[in-house]
Structure formats: C-alpha cells, structure tokens
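For reference, data.txt (compact mmCIF, C-alpha atoms):
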# COMPACT_ATOMS: atom_id res chain seq x y z
CA MET A 154 0.00 0.00 0.00
CA ARG A 155 2.85 2.29 -0.96
CA HIS A 156 0.74 5.22 -2.14
CA VAL A 157 -1.05 5.30 1.23
CA LEU A 158 2.32 5.40 3.00
CA HIS A 159 3.42 8.22 0.70
CA ALA A 160 0.24 10.14 1.48
CA GLU A 161 0.71 9.61 5.21
CA ARG A 162 4.32 10.80 4.95
CA ASP A 163 3.39 13.98 3.10
CA LEU A 164 0.53 14.75 5.46
CA ARG A 165 2.87 14.24 8.40
CA ASP A 166 5.38 16.61 6.75
CA LEU A 167 2.64 19.23 6.47
CA GLY A 168 1.88 18.82 10.17
CA LEU A 169 5.54 19.24 11.08
CA LEU A 170 5.82 22.32 8.88
CA TRP A 171 2.78 23.75 10.58
CA GLN A 172 4.40 23.19 13.97
CA MET A 173 7.55 24.89 12.67
CA ILE A 174 5.49 27.92 11.63
CA GLU A 175 3.93 28.08 15.11
CA ALA A 176 7.28 27.78 16.85
CA THR A 177 8.98 30.32 14.60
CA SER A 178 6.13 32.80 15.07
CA ALA A 179 6.25 32.42 18.83
CA ILE A 180 10.01 33.07 18.85
CA ALA A 181 10.29 35.79 16.18
CA CYS A 182 7.28 37.92 17.07
CA PRO A 183 5.65 36.60 20.24
CA GLU A 184 3.51 39.67 20.88
CA GLU A 185 2.11 39.83 17.35
CA ALA A 186 1.55 36.04 17.21
CA GLU A 187 -0.13 35.89 20.61
CA ASP A 188 -3.60 36.37 19.15
CA ILE A 189 -3.26 33.86 16.32
CA LEU A 190 -1.22 31.07 17.96
CA PRO A 191 -4.27 29.43 19.67
CA MET A 192 -6.06 29.40 16.32
CA LEU A 193 -3.00 27.93 14.61
CA THR A 194 -2.77 25.23 17.28
CA ARG A 195 -6.45 24.30 16.97
CA THR A 196 -6.17 24.23 13.19
CA ARG A 197 -3.11 21.98 13.37
CA GLU A 198 -4.89 19.58 15.74
CA ARG A 199 -7.93 19.43 13.46
CA PHE A 200 -5.60 18.89 10.52
CA GLY A 201 -3.99 15.97 12.39
CA ALA A 202 -7.39 14.39 12.94
CA LEU A 203 -8.25 14.89 9.28
CA GLN A 204 -4.89 13.37 8.33
CA ALA A 205 -5.65 10.17 10.27
CA GLN A 206 -9.13 9.98 8.73
CA LEU A 207 -7.79 10.48 5.21
CA VAL A 208 -5.09 7.84 5.59
CA ARG A 209 -7.64 5.35 6.91
CA GLN A 210 -9.92 6.09 3.96
CA LEU A 211 -7.09 5.69 1.46
CA GLY A 212 -6.21 2.34 2.99
CA SER A 213 -9.84 1.24 2.96
CA ASP A 214 -10.28 2.28 -0.67
CA SER A 215 -7.13 0.40 -1.72
CA LEU A 216 -8.30 -2.74 0.07
CA ALA A 217 -11.76 -2.46 -1.49
CA GLU A 218 -10.27 -2.08 -4.98
CA LEU A 219 -8.04 -5.09 -4.46
CA GLY A 220 -10.99 -7.09 -3.13
CA GLU A 221 -13.06 -6.26 -6.21
CA GLU A 222 -10.27 -7.44 -8.52
CA LEU A 223 -9.81 -10.69 -6.60
CA ALA A 224 -13.57 -11.25 -6.52
CA SER A 225 -13.83 -10.64 -10.25
CA SER A 226 -11.10 -13.19 -10.98
CA ALA A 227 -12.66 -15.81 -8.70
CA GLN A 228 -16.22 -15.25 -9.92
CA CYS A 229 -15.27 -15.35 -13.59
CA THR A 230 -13.33 -18.56 -13.04
CA ILE A 231 -16.16 -20.47 -11.37
CA ASP A 232 -18.89 -19.08 -13.65
CA ILE A 233 -17.00 -20.05 -16.81
CA LEU A 234 -16.45 -23.53 -15.40
CA VAL A 235 -20.09 -24.03 -14.40
CA ARG A 236 -21.29 -23.00 -17.84
CA ASN A 237 -18.77 -25.36 -19.41
CA LEU A 238 -19.90 -28.25 -17.21
CA PHE A 239 -23.52 -27.53 -18.06
CA GLU A 240 -22.64 -28.30 -21.66
CA ARG A 241 -21.10 -31.59 -20.53
CA THR A 242 -24.41 -32.62 -18.97
CA ALA A 243 -26.07 -31.93 -22.31
CA ASP A 244 -23.41 -33.93 -24.17
CA VAL A 245 -23.88 -37.12 -22.19
CA GLY A 246 -27.65 -36.88 -22.41
CA PHE A 247 -27.54 -36.43 -26.17
CA LEU A 248 -24.97 -39.14 -26.88
CA ALA A 249 -26.83 -41.67 -24.73
CA THR A 250 -29.72 -41.50 -27.24
CA ASP A 251 -27.51 -42.58 -30.16
CA PRO A 252 -29.21 -45.63 -31.75
CA VAL A 253 -25.79 -47.07 -32.62
CA LEU A 254 -24.91 -47.31 -28.92
CA ARG A 255 -28.29 -48.81 -28.11
CA ALA A 256 -27.94 -51.42 -30.86
CA PHE A 257 -24.47 -52.36 -29.66
CA CYS A 258 -25.70 -52.81 -26.09
CA ASP A 259 -28.50 -55.07 -27.30
CA ALA A 260 -26.04 -57.07 -29.42
CA ALA A 261 -23.66 -57.38 -26.46
CA ALA A 262 -26.50 -58.77 -24.37
CA ARG A 263 -27.05 -61.43 -27.04
CA GLY A 264 -23.32 -62.11 -27.29
CA ASP A 265 -22.84 -61.16 -30.95
CA ALA A 266 -21.52 -57.56 -30.72
CA ASP A 267 -18.68 -56.32 -32.94
CA ALA A 268 -16.64 -53.79 -30.97
CA ALA A 269 -14.53 -52.42 -33.84
CA PRO A 270 -17.25 -50.26 -35.48
CA LEU A 271 -18.34 -48.98 -32.09
CA LEU A 272 -14.79 -47.99 -31.11
CA ARG A 273 -14.53 -46.00 -34.33
CA ARG A 274 -17.80 -44.33 -33.39
CA LEU A 275 -16.51 -43.47 -29.92
CA ALA A 276 -13.27 -42.14 -31.43
CA GLU A 277 -15.36 -39.84 -33.62
CA TYR A 278 -17.13 -38.62 -30.50
CA ARG A 279 -13.83 -37.86 -28.78
CA ALA A 280 -12.48 -36.05 -31.84
CA LYS A 281 -15.61 -33.90 -32.07
CA TYR A 282 -16.06 -33.34 -28.33
CA SER A 283 -12.38 -32.75 -27.62
CA VAL A 284 -12.91 -32.04 -23.91
CA TYR A 285 -13.09 -35.77 -23.12
CA ASP A 286 -10.08 -38.04 -22.81
CA ASP A 287 -11.99 -41.32 -22.49
CA ILE A 288 -15.41 -42.73 -23.34
CA VAL A 289 -16.67 -45.96 -21.80
CA LEU A 290 -19.70 -48.11 -22.52
CA LEU A 291 -20.87 -50.37 -19.70
CA ALA A 292 -23.36 -53.21 -19.45
CA PRO A 293 -26.03 -52.92 -16.73
CA ASP A 294 -24.08 -55.46 -14.68
CA GLY A 295 -20.94 -53.29 -14.80
CA ARG A 296 -18.98 -55.13 -17.50
CA VAL A 297 -16.91 -52.84 -19.73
CA LEU A 298 -18.34 -53.38 -23.22
CA ALA A 299 -16.12 -50.87 -25.03
CA ARG A 300 -13.56 -48.25 -24.05
CA LEU A 301 -11.23 -45.93 -25.93
CA GLU A 302 -8.43 -45.96 -23.38
CA GLU A 303 -6.68 -49.28 -23.19
CA GLY A 304 -6.25 -51.09 -19.92
CA GLY A 305 -8.23 -50.56 -16.78
CA PRO A 306 -10.75 -52.84 -15.06
CA ALA A 307 -12.95 -55.24 -16.98
CA SER A 308 -15.91 -54.47 -14.76
CA LEU A 309 -17.25 -51.71 -12.49
CA ALA A 310 -19.56 -54.02 -10.59
CA GLY A 311 -20.03 -52.67 -7.09
CA ASP A 312 -19.02 -49.13 -8.00
CA ALA A 313 -21.48 -46.51 -6.73
CA LEU A 314 -21.47 -44.82 -10.13
CA LEU A 315 -23.09 -47.88 -11.69
CA ALA A 316 -25.98 -48.08 -9.22
CA ASP A 317 -26.58 -44.32 -9.22
CA THR A 318 -26.71 -44.10 -13.00
CA ILE A 319 -29.07 -47.06 -13.42
CA ALA A 320 -31.40 -45.64 -10.77
CA ARG A 321 -31.59 -42.22 -12.39
CA ARG A 322 -33.22 -41.10 -15.61
CA GLY A 323 -30.96 -38.10 -16.04
CA PHE A 324 -27.21 -37.58 -15.96
CA VAL A 325 -24.92 -38.41 -13.05
CA GLU A 326 -21.97 -36.16 -12.31
CA ARG A 327 -19.21 -37.64 -10.17
CA PHE A 328 -15.79 -36.37 -9.10
CA GLY A 329 -13.36 -38.42 -7.06
CA PRO A 330 -11.02 -41.41 -7.20
CA THR A 331 -12.25 -43.89 -9.80
CA PRO A 332 -11.01 -47.12 -11.41
CA LEU A 333 -11.70 -45.43 -14.76
CA ALA A 334 -8.67 -43.17 -14.24
CA ARG A 335 -5.03 -44.20 -14.28
CA GLY A 336 -3.97 -45.37 -10.84
CA GLY A 337 -7.44 -44.71 -9.48
CA ALA A 338 -6.80 -40.96 -9.54
CA PRO A 339 -9.64 -38.46 -9.10
CA ALA A 340 -11.57 -37.73 -12.30
CA LEU A 341 -14.69 -35.89 -13.32
CA LEU A 342 -17.15 -38.34 -14.90
CA TYR A 343 -20.51 -37.83 -16.62
CA ALA A 344 -22.69 -40.90 -16.93
CA GLN A 345 -26.16 -41.64 -18.27
CA ARG A 346 -28.13 -44.81 -18.78
CA ILE A 347 -28.95 -45.98 -22.30
CA ASP A 348 -32.58 -47.00 -22.50
CA ALA A 349 -33.86 -49.69 -24.84
CA ASP A 350 -37.43 -49.91 -26.08
CA GLY A 351 -39.86 -50.02 -23.23
CA GLY A 352 -37.55 -48.08 -20.90
CA ARG A 353 -35.32 -51.02 -20.01
CA CYS A 354 -31.71 -50.09 -19.16
CA ALA A 355 -29.56 -51.50 -21.97
CA GLY A 356 -26.26 -50.01 -20.85
CA LEU A 357 -24.45 -46.95 -19.51
CA LEU A 358 -22.39 -44.28 -21.23
CA VAL A 359 -19.55 -42.67 -19.24
CA LEU A 360 -17.55 -39.62 -20.39
CA ARG A 361 -14.31 -38.70 -18.62
CA PHE A 362 -13.78 -34.94 -18.72
CA ARG A 363 -10.36 -33.31 -19.20
CA LEU A 364 -10.74 -31.20 -16.07
CA ALA A 365 -7.06 -30.29 -15.60
CA ASP A 366 -6.68 -29.15 -19.21
CA GLU A 367 -9.91 -27.17 -19.15
CA MET A 368 -9.01 -25.43 -15.89
CA GLN A 369 -5.66 -24.30 -17.30
CA ARG A 370 -7.49 -22.76 -20.25
CA ILE A 371 -9.89 -21.00 -17.89
CA PHE A 372 -7.10 -19.75 -15.64
CA ALA A 373 -5.27 -18.37 -18.68
CA SER A 374 -8.39 -16.63 -19.96
CA VAL A 375 -9.17 -14.90 -16.67
CA GLU A 376 -5.77 -13.13 -16.39
CA PRO A 377 -6.06 -11.43 -12.96
CA GLU A 378 -5.22 -7.72 -12.96
CA VAL A 379 -3.38 -8.12 -9.67
CA ALA A 380 0.14 -9.46 -10.06
CA GLU A 381 1.12 -12.77 -8.46
CA VAL A 382 -2.43 -13.90 -7.69
CA ALA A 383 -2.86 -17.58 -6.82
CA LEU A 384 -6.04 -18.76 -8.51
CA VAL A 385 -7.37 -22.20 -7.57
CA LEU A 386 -10.48 -24.37 -7.64
CA LEU A 387 -11.70 -25.77 -4.31
CA ASP A 388 -14.02 -28.65 -3.49
CA ALA A 389 -16.58 -28.68 -0.68
CA GLU A 390 -13.84 -29.55 1.84
CA ASP A 391 -11.61 -26.62 0.80
CA ARG A 392 -9.10 -28.87 -0.96
CA VAL A 393 -7.45 -27.69 -4.15
CA ILE A 394 -8.81 -29.51 -7.22
CA ALA A 395 -6.97 -27.40 -9.79
CA SER A 396 -4.35 -24.68 -9.49
CA ALA A 397 -3.12 -22.04 -11.92
CA ASP A 398 0.38 -22.50 -10.46
CA GLU A 399 0.99 -25.82 -8.72
CA SER A 400 4.46 -24.75 -7.64
CA HIS A 401 2.77 -22.06 -5.56
CA VAL A 402 -0.41 -23.85 -4.42
CA PRO A 403 -0.32 -27.61 -5.15
CA VAL A 404 -3.34 -29.74 -5.97
CA GLY A 405 -4.56 -31.50 -2.83
CA ALA A 406 -3.57 -28.68 -0.46
CA ARG A 407 -6.22 -27.55 2.00
CA LEU A 408 -6.78 -23.80 2.22
CA GLN A 409 -8.44 -21.34 4.53
CA THR A 410 -11.28 -19.59 2.76
CA ALA A 411 -12.62 -16.06 3.04
CA PRO A 412 -16.20 -16.08 4.41
CA GLY A 413 -19.12 -14.37 2.75
CA GLY A 414 -17.46 -13.97 -0.63
CA GLU A 415 -15.63 -10.86 0.63
CA VAL A 416 -11.93 -10.14 0.89
CA GLY A 417 -10.40 -11.60 4.03
CA LEU A 418 -7.07 -12.43 5.63
CA VAL A 419 -5.99 -16.08 5.38
CA ALA A 420 -2.77 -18.00 5.99
CA PHE A 421 -1.03 -20.56 3.80
CA GLY A 422 2.49 -21.95 3.90
CA GLY A 423 3.50 -19.68 6.77
CA ARG A 424 2.46 -16.49 4.94
CA GLU A 425 -0.56 -14.24 5.15
CA TYR A 426 -2.73 -13.62 2.10
CA LEU A 427 -5.68 -11.48 1.15
CA ALA A 428 -8.23 -13.79 -0.45
CA VAL A 429 -11.72 -14.00 -1.92
CA THR A 430 -13.67 -17.27 -2.29
CA ARG A 431 -16.68 -17.36 -4.62
CA PRO A 432 -19.25 -20.09 -5.42
CA GLY A 433 -20.79 -20.47 -8.84
CA ALA A 434 -24.04 -18.72 -9.70
CA GLY A 435 -25.41 -21.72 -11.60
CA PHE A 436 -26.52 -21.79 -15.22
CA GLN A 437 -30.00 -22.53 -16.59
CA GLY A 438 -30.99 -24.52 -13.54
CA TYR A 439 -27.71 -26.41 -13.32
CA PRO A 440 -26.03 -25.56 -9.98
CA GLY A 441 -22.64 -27.03 -10.77
CA PRO A 442 -20.72 -29.60 -8.71
CA GLY A 443 -20.58 -27.41 -5.60
CA TRP A 444 -17.05 -26.16 -6.14
CA ARG A 445 -15.70 -22.65 -5.53
CA ALA A 446 -12.99 -20.50 -7.03
CA HIS A 447 -10.45 -18.96 -4.68
CA ALA A 448 -8.16 -16.02 -5.52
CA MET A 449 -5.46 -14.97 -3.09
CA VAL A 450 -2.42 -12.71 -3.09
CA SER A 451 0.39 -12.43 -0.55
CA LEU A 452 0.41 -9.37 1.68
CA LEU A 453 4.03 -8.88 0.62
CA THR A 454 3.02 -8.22 -3.00
CA ALA A 455 -0.69 -7.37 -2.80
CA PHE A 456 -0.25 -3.66 -3.41
CA SER A 457 2.88 -3.68 -5.57
CA GLY A 458 2.45 -1.61 -8.70
CA ARG A 459 -0.85 -0.14 -7.53
CA ASP A 460 0.43 3.44 -7.33
CA ALA A 461 -1.10 4.68 -10.58
CA ALA A 462 -2.07 7.90 -8.87
CA ASP A 463 0.95 9.71 -7.52
CA ALA A 464 0.47 10.46 -3.85
CA ASP A 465 1.99 13.96 -4.03
CA ALA A 466 -0.34 14.87 -6.91
CA ALA A 467 -3.33 13.54 -5.01
CA LEU A 468 -2.38 15.69 -2.02
CA ALA A 469 -1.81 18.92 -3.95
CA PRO A 470 2.00 19.17 -4.09
CA ASP A 471 1.76 22.92 -4.67
CA THR A 472 0.30 23.20 -1.18
CA VAL A 473 3.10 21.07 0.27
CA ASN A 474 5.79 23.06 -1.49
CA SER A 475 4.15 26.38 -0.68
CA THR A 476 3.90 25.53 3.00
CA ARG A 477 7.48 24.30 3.03
CA SER A 478 8.65 27.59 1.43
CA THR A 479 6.70 29.62 3.96
CA ALA A 480 8.24 27.74 6.85
CA THR A 481 11.72 28.14 5.40
CA CYS A 482 11.15 31.86 4.99
CA ALA A 483 9.90 32.11 8.55
CA ALA A 484 12.89 30.28 9.91
CA SER A 485 15.39 32.43 8.01
CA SER A 486 13.88 35.91 8.46
CA GLY A 487 12.02 35.55 11.72
CA THR A 488 9.22 37.82 10.39
CA ALA A 489 7.54 35.91 7.55
CA VAL A 490 4.42 35.08 9.54
CA CYS A 491 3.97 38.65 10.85
CA SER A 492 2.19 41.37 8.94
CA PRO A 493 4.53 43.96 7.35
CA ALA A 494 3.09 46.85 9.36
CA ARG A 495 3.57 45.12 12.69
CA SER A 496 6.89 43.52 11.90
CA SER A 497 8.36 46.95 11.03
CA ARG A 498 7.94 48.21 14.60
CA PRO A 499 11.26 48.65 16.44
CA ALA A 500 12.19 45.88 18.77
CA ARG A 501 11.73 46.53 22.45
CA GLY A 502 14.75 47.11 24.51
As structure tokens - that is how I would like this structure written.
Amino acid sequence: MRHVLHAERDLRDLGLLWQMIEATSAIACPEEAEDILPMLTRTRERFGALQAQLVRQLGSDSLAELGEELASSAQCTIDILVRNLFERTADVGFLATDPVLRAFCDAAARGDADAAPLLRRLAEYRAKYSVYDDIVLLAPDGRVLARLEEGGPASLAGDALLADTIARRGFVERFGPTPLARGGAPALLYAQRIDADGGRCAGLLVLRFRLADEMQRIFASVEPEVAEVALVLLDAEDRVIASADESHVPVGARLQTAPGGEVGLVAFGGREYLAVTRPGAGFQGYPGPGWRAHAMVSLLTAFSGRDAADADAALAPDTVNSTRSTATCAASSGTAVCSPARSSRPARG
C-alpha cells in the first residue's frame, strides 16, 4: 500500500511544517503572534485528525479495490467452469440417445456384438467433443463393453457410479477417485443410462472430462489484474482440485477460505494472504458440482504496482511546497508570519 504510505508521509510533513510555523512565530514575534497562535494550534490539531481519517480512507479504498479485482477473478473462473460443465451434462444426455450405442448394447446382451465399429464411433465422438479423454460403454451389470483408453478394469460391478446411474433417468456427475482413471486418480465423470425400447436399461455411457486441461485454459483466460495472484479451484472440503500454479499452491492442499465472498485475511504456507472465495451462480438450472474458485495474493506483494495515482499529486504538491517555502522563509527571516506593518515596529529594549 505504498501510495497510502506516501500520502501519510506527506501529510505528516505538512503537520511538522505547521508546527515549525507556530514555533517560529512564537520566537520571532511573540507579541504579534499571541492572538493567532491558539487558532494555529487548533487548526493543526484538526488537521492531524483529518490526516488520520484520510489515511484510513485511502487504505480502505485500496483494500476495497483489491478485493473487487480478486472477486472478479474468482467469480469469472467459477462461472465459466459451471457454464462449461452444463454443456457436458447436455453432451452425455444427447450421446446416450444414439441408436448405434443402443444397438451395440443389445447385441452385447445377445453375445454377438462387434466392438470395432463402435470404437470408431466413440473415437469420432472424442475427436468432435475434444474435452473428453476417455469414453466408456458399460453393461447394466458393470462389465466394460467398449472403451477408448486401453487397460483398466474389466468391470465396475459394485461401484457406486453404476448403481446411481441405473437408478436415475438423467445424468450423473461424479468427481473423485475412480477405477476409470489411471492409478485410481480423481476424475470428473458424466454418466447416463442408455434405455432400450420399453424403458429397459440396456447399458451406460460414461464420459471422462479433461478437467485439468480445461481449468488451465480458464485460468489463462481470466488473467487477474493483480500481479502474483494464486487462482485455484476448491471442493466442498476446501481442498485444491486445480491450481493455476501448482508450484505455488499444489493440488490436494487444504486452504483457509474467506467467508461471505468478501476479501479476508488467510494463511497458507507460513504467509498471510488477502483472499476472496466465490461459489458459482449456476446456469440454466444447473447448480454445478458445488465447487468454488479462490483467488489470493500475498500481503508482501498485494499492493505492488498499484500506485497509478501519484500520492503527491493527489495531495496537492503545490500546497506542500508552498507551506514548506513559507516555513523556510519564517525560519530564516524571523518575520515571515507577521504582517509587514507590525513587523516593522522597532524591537523593544
């Protein structure tokens, strides 16, 4: 908050100059200054009170401006993501109605399915909907009927995703460790049942979303105005799901959040930060997965480069310089603060 410190310094200089004028007047022409010294003292004291009020207001305004910029970065991040994920819910619902998938599921149930044409179909999906890195087709009993990514389990029997998707007519959104990701890592999955004629569940379609790639694109598009802002995505337990800079805030770290969506003071890694945490606003009835975006900046760098308005200019430098010249004149001549008529009187013996 360098510009606030500059303002406080210059206001303090004005107060000291005012005191110098009082002292010089009392020494150089005590009789002439006797009537005005009480007024000068009261004015200086009121100026001191105004100085403290002004400095507090400058600090408050700087904090509010920083808070607005952090809030804007966090809100844009989560809102862009929620809108993007809304489109993913539409994708899985639309693709689950593909008659080719339904026919394959029926053929697999009879034991005469040819996987090669279906895999080409799924590859076309992935090429067109480039935000997915894997597409899986499951039988109602959890067997993997077809999958683009090689390897992985042959069945998801017993997985909660299977039961939830079969029991629901709409999409299922799931984030967390899953056997459908390498090493059982967390992944964001969208699943929907494939209904045969008569409403019978013929199979399940599962799309694995490229969350890490998409978040890096979102982070890059937001471009916080404040330098050195750490921008992350948090789950419901305040753990980092995605980070704009993992060397600064790693994925999996647990953070303190700022309550109420307003700027607040938090600690991380032994340092204090100003931070704003914002939930998504939802999109067309879709609330999102319950995540929040979190923007924070270290107190050491929060106000660096924020001195667009020069403090001396904001505090009328002509007044500062003029007062300084007056005080200098008073100190050198001993009569600058006295009227010419009075100061010309002979000194008393």
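Atom CA of Arg363 of chain A sits 8.7 Å away from atom CA of Ser283 of chain A.
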Per residue of segment 340-453 of chain A within 6 Å of segment 232-245 of chain A, what are the shortest atom pair and its distance in Å to one decimal, counting only C-alpha atoms, with rows by chain and residue number, as JSON lines?
{"residue": "A:Gly433", "atom": "CA", "partner": "A:Asp232", "partner_atom": "CA", "distance": 5.4}
{"residue": "A:Phe436", "atom": "CA", "partner": "A:Arg236", "partner_atom": "CA", "distance": 6.0}
{"residue": "A:Gly441", "atom": "CA", "partner": "A:Val235", "partner_atom": "CA", "distance": 5.4}
field: Non-local contacts of segment 303-308 of chain A (8 Å; all atoms listed in the file; under 5 positions in same chain excluded) as a ChimeraX atom specification
entry: /A:295-297,332-335
- request: Within 7 Å of segment 378-395 of chain A, counting all atoms listed in the file, which residues show up once you throw out same-chain ones fewer than 3 positions away? Write them as a list in words, please.
  value: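 Everything that qualifies: Glu222, Ala365, Met368, Asp398, Val404, Gly405, Ala406, Arg407, Leu408, Gly443, Trp444, Arg445, Ala446, His447, Ala448, Met449 and Val450 of chain A.
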- prompt: What is the distance, in Å and to one decimal place, between atom CA of Gly356 of chain A and atom CA of Cys258 of chain A?
  reply: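 These atoms are spaced 6.0 Å apart.
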field: Nearest residue to Leu357 of chain A from the set A:Pro432, A:Gly323, A:Gly438, A:Pro191 (distances using all atoms listed in the file)
entry: A:Gly323
field: Atomic separation - atom CA of Phe456 of chain A relative to atom CA of Ser400 of chain A, Å
entry: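 That distance, rounded to one decimal, is 22.0 Å.
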query: Which residue out of A:Ala355, A:Leu291, A:Ser451, A:Ala397 has the minimum interatomic distance to Ala420 of chain A when all atoms listed in the file are used?
result: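 Using all atoms listed in the file, Ala420 of chain A sits closest to A:Ser451.
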